[in-house]
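> Here you go, one structure.
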Amino acid sequence: MESYEQLSRRVARAIADQIRLKPNTCLGLPTGHTPLLTYKILANWSHGGEEDLDRDAPPIDWSGVLCFALDEYHDVQPKNSFQAFIEEHLFDQTNLPLPNRLNPGQSDDYDELIASCGGLDLTVLGIGGNGHIAFNEPGTALASWTHCTWLAESTRVANQEAFVSLDNVPVTGVTMGLQTIFASRRVILMASGEKKRSIVERAFNGEISADVPASYLQNHGLVDVWTDFGFEKSFAAQSAQE
Ligand code: PGA
């Protein structure tokens with residue numbers, strides 16, 4: 001069974017490999033507790049500290065990469081925004097140009113923007129305790145593209161740490177929709193900690209249902225579910241396997 005550190009290295013390596021393969025790659029990237037170590041490792045590799053990559057591997061070059069945040073709060077103080085989080089933990093540790101740091105809160109047509117950049121090559125997701133991916137809360141339509149949404153109460157509670165009190169946690173946000181995520185060529189969903197086990201098993205061993213938005217990923221053509229509690233599963237379309 002992988003540790004949190006091994007899981008984080010695996011995801012970081014997938015992102016680094018993707019950037020090496022395609023220097024102008026489009027990434028969909030999450031915020032939250034789960035990717036924190038992944039971002040720390042990527043930051044380290046971006047400075048040249050690649051002790052477990054090939055000895056001769058140069059630092060990751062983010063100069064041509066486009067990073068699309070999955071979601072963002074409405075009416076949030078800048079310091080509590082997801083954009084601030086990902087700037088601090090990843091972007092500012094790399095040479096990712098400022099114009100390449102994209103956020104659905106700053107775009108009138110995020111899906112058009114993503115498409116005009118060539119589409120998402122790799123999207124990394126966490127999963128909420130209620131089965132949400134990005135801010136696609138239970139009940140979200142499979143046909144959804146980027147949209148504004150109410151946040152589930154459990155999502156607000158899970159995210160309240162960064163705020164003084166639950167009352168300060170925004171009640172709405174903007175998120176990539178399920179179709180936005182489905183349009184990504186590859187998806188990696190990462191989950192850490194026993195508290196995520198039951199929802200991960202429900203999403204990926206259970207029925208596909210709007211009650212558990214992550215379960216829709218079972219029908220995506222190229223998805224890896226990686227965890228640090230012994231659950232691992234991949235879903236691939238027939239054509240992707242051939
Ligand atoms: P977490 O959030 O990484 O903080 O658990 C995941 C999510 O809500 O998607």
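Note on naming: chains are A, B, ... as they come in the structure tokens, residues start from 1 per chain, ligands start from 1 in the order shown.
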Could I get the residue neighbourhood of ligand 1 at 8 Å, counting only C-alpha atoms and all ligand atoms, as a VMD selection string?

chain A and resid 30 to 35 125 to 129 132 to 135 155 158 to 159 191 to 192

> Do a neighbour search on Cys67 in chain A at 8 Å with only C-alpha atoms, toss out local chain neighbours closer than 3 positions, and write the hits as a list in words.

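Listed by chain and then number, they are Cys26, Leu27, Gly28, Leu29, Asn100, Arg101 and Leu102 of chain A.
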
> Keeping only C-alpha atoms, write the selected residues as an mmCIF file, in the first residue's frame.


```cif
data_model
loop_
_atom_site.group_PDB
_atom_site.id
_atom_site.type_symbol
_atom_site.label_atom_id
_atom_site.label_comp_id
_atom_site.auth_asym_id
_atom_site.auth_seq_id
_atom_site.Cartn_x
_atom_site.Cartn_y
_atom_site.Cartn_z
ATOM 1 C CA CYS A 26 -2.925 22.166 -20.561
ATOM 2 C CA LEU A 27 -3.419 21.010 -16.980
ATOM 3 C CA GLY A 28 -6.546 21.059 -14.809
ATOM 4 C CA LEU A 29 -5.402 21.405 -11.202
ATOM 5 C CA ASN A 100 -0.898 31.047 -17.996
ATOM 6 C CA ARG A 101 -2.526 30.857 -14.535
ATOM 7 C CA LEU A 102 -6.198 30.500 -15.418
#
```

> I need the residue nearest Lys40 in chain A from this list: A:Ile181, A:Ala12, A:Val174, A:Ile60. Use only C-alpha atoms for the distance.

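Closest residue, counting only C-alpha atoms: A:Ala12.
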
> Name all residues at most 12 Å from Asn24 in chain A (count only C-alpha atoms; drop same-chain ones fewer than 6 positions away) and give them as a PDB file with C-alpha atoms, in the first residue's frame.


```pdb
ATOM      1  CA  GLN A  18       3.145  15.170 -19.112  1.00  0.00           C
ATOM      2  CA  ASP A  61      10.043  24.013 -17.371  1.00  0.00           C
ATOM      3  CA  TRP A  62       6.582  25.535 -16.910  1.00  0.00           C
ATOM      4  CA  SER A  63       7.119  28.389 -19.375  1.00  0.00           C
ATOM      5  CA  GLY A  64       4.768  26.930 -21.996  1.00  0.00           C
ATOM      6  CA  VAL A  65       2.302  25.202 -19.664  1.00  0.00           C
ATOM      7  CA  LEU A  66      -1.274  26.415 -19.147  1.00  0.00           C
ATOM      8  CA  CYS A  67      -2.823  25.696 -15.757  1.00  0.00           C
ATOM      9  CA  LEU A  96       4.758  29.421 -14.910  1.00  0.00           C
ATOM     10  CA  PRO A  97       4.026  32.784 -16.601  1.00  0.00           C
ATOM     11  CA  ASN A 100      -0.898  31.047 -17.996  1.00  0.00           C
ATOM     12  CA  CYS A 117      -5.876  26.444 -25.896  1.00  0.00           C
ATOM     13  CA  GLY A 118      -6.239  22.916 -27.288  1.00  0.00           C
ATOM     14  CA  GLY A 119      -8.219  21.272 -24.474  1.00  0.00           C
ATOM     15  CA  LEU A 120      -7.097  19.776 -21.177  1.00  0.00           C
ATOM     16  CA  ASP A 121      -4.428  17.099 -21.540  1.00  0.00           C
ATOM     17  CA  LEU A 122      -4.403  16.029 -17.901  1.00  0.00           C
TER      18      LEU A 122
END
```

> To test your reading of the structure, identify every residue in range 146-235 of chain A that backbone DSSP assigns to alpha helix (DSSP H), and report it as a ChimeraX atom specification.

/A:153-158,178-182,197-205

> Going by DSSP on the backbone, which bits of range 104-139 of chain A are strand (DSSP E or B)? Write them as a ChimeraX atom specification, please.

/A:122-125,133,136

> Write to file, as a tab-separated table (two decimals), in the first residue's frame, the residues of the selection just made, with N, CA, C and O atoms.


```tsv
chain	number	residue	atom	x	y	z
A	122	LEU	N	-4.39	16.79	-19.15
A	122	LEU	CA	-4.40	16.03	-17.90
A	122	LEU	C	-5.09	16.86	-16.83
A	122	LEU	O	-4.73	18.03	-16.64
A	123	THR	N	-6.07	16.26	-16.18
A	123	THR	CA	-6.75	16.94	-15.08
A	123	THR	C	-6.59	16.09	-13.83
A	123	THR	O	-6.85	14.89	-13.84
A	124	VAL	N	-6.11	16.71	-12.76
A	124	VAL	CA	-5.96	16.03	-11.48
A	124	VAL	C	-7.11	16.48	-10.58
A	124	VAL	O	-7.42	17.68	-10.49
A	125	LEU	N	-7.74	15.51	-9.95
A	125	LEU	CA	-8.91	15.79	-9.10
A	125	LEU	C	-8.69	15.23	-7.70
A	125	LEU	O	-8.04	14.20	-7.53
A	133	ILE	N	-16.64	16.26	-7.35
A	133	ILE	CA	-15.36	16.52	-8.00
A	133	ILE	C	-15.40	17.98	-8.43
A	133	ILE	O	-16.39	18.42	-9.00
A	136	ASN	N	-18.64	20.22	-8.33
A	136	ASN	CA	-19.82	19.51	-8.87
A	136	ASN	C	-20.40	18.67	-7.75
A	136	ASN	O	-19.98	17.52	-7.51
```

> Which distance in Å separates CA of His89 in chain A and CA of Leu37 in chain A, to one decimal?

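According to the coordinates, CA of His89 in chain A and CA of Leu37 in chain A are separated by 9.2 Å.
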
> Have a look at CA of Ala69 in chain A and CA of Gln106 in chain A and let me know their distance in Å, one decimal.

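So the answer is 10.5 Å.
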
> Pick from A:Asn80, A:Val11, A:Ala210, A:Ser46: nearest to Glu161 in chain A, with only C-alpha atoms counted?

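That would be A:Asn80, the residue with the smallest distance to Glu161 in chain A.
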
> How many Å separate CA of His47 in chain A from CA of Trp226 in chain A?

26.0 Å

> Tell me which protein, DNA and RNA residues are within 12 Å of Ser234 in chain A, counting only C-alpha atoms, leaving out same-chain ones fewer than 5 positions away, and put them as a list in words.

Arg186, Val187, Ile188, Leu189, Met190, Phe204, Asn205, Leu217, Gln218, Asn219, His220, Gly221, Leu222, Val223, Asp224, Val225, Trp226, Thr227, Ala240 and Gln241 of chain A

> For the residues in that selection, give me C-alpha atoms as a PDB file, in the first residue's frame.


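Contents of out09.pdb, as written:
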```
ATOM      1  CA  ARG A 186      -6.645  12.010 -19.083  1.00  0.00           C
ATOM      2  CA  VAL A 187      -7.885  12.252 -15.487  1.00  0.00           C
ATOM      3  CA  ILE A 188      -6.129  11.271 -12.269  1.00  0.00           C
ATOM      4  CA  LEU A 189      -8.255  11.267  -9.135  1.00  0.00           C
ATOM      5  CA  MET A 190      -6.217  11.193  -5.939  1.00  0.00           C
ATOM      6  CA  PHE A 204     -15.684   3.501  -8.314  1.00  0.00           C
ATOM      7  CA  ASN A 205     -17.067   0.114  -7.259  1.00  0.00           C
ATOM      8  CA  LEU A 217     -15.762   9.070 -14.197  1.00  0.00           C
ATOM      9  CA  GLN A 218     -16.244   5.314 -14.616  1.00  0.00           C
ATOM     10  CA  ASN A 219     -17.349   6.200 -18.148  1.00  0.00           C
ATOM     11  CA  HIS A 220     -14.423   8.477 -18.942  1.00  0.00           C
ATOM     12  CA  GLY A 221     -11.973   7.026 -21.428  1.00  0.00           C
ATOM     13  CA  LEU A 222      -8.774   7.340 -19.380  1.00  0.00           C
ATOM     14  CA  VAL A 223      -9.003   7.649 -15.602  1.00  0.00           C
ATOM     15  CA  ASP A 224      -6.664   6.509 -12.856  1.00  0.00           C
ATOM     16  CA  VAL A 225      -7.875   6.462  -9.255  1.00  0.00           C
ATOM     17  CA  TRP A 226      -4.875   6.465  -6.910  1.00  0.00           C
ATOM     18  CA  THR A 227      -5.080   6.473  -3.123  1.00  0.00           C
ATOM     19  CA  ALA A 240      -7.539   3.729 -25.437  1.00  0.00           C
ATOM     20  CA  GLN A 241      -6.511   0.153 -24.613  1.00  0.00           C
TER      21      GLN A 241
END
```

> Tell me which of A:Arg156, A:Lys79, A:Arg10, A:Arg185 sits closest to Thr25 in chain A, counting only C-alpha atoms.

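Checking each candidate against Thr25 in chain A, we get A:Arg185 as the closest.
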
> Rank A:Asn130, A:Ser107, A:Thr175, A:Ser81 by their smallest atom-to-atom distance to Arg197 in chain A, using only C-alpha atoms, and report the top residue only.

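Nearest candidate to Arg197 in chain A out of A:Asn130, A:Ser107, A:Thr175, A:Ser81: A:Asn130.
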
> Using only C-alpha atoms for the distances, tell me which of A:Glu88, A:Pro104, A:Val171, A:Arg202 is nearest to Asp75 in chain A.

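Ranked by minimum distance to Asp75 in chain A, first place goes to A:Val171.
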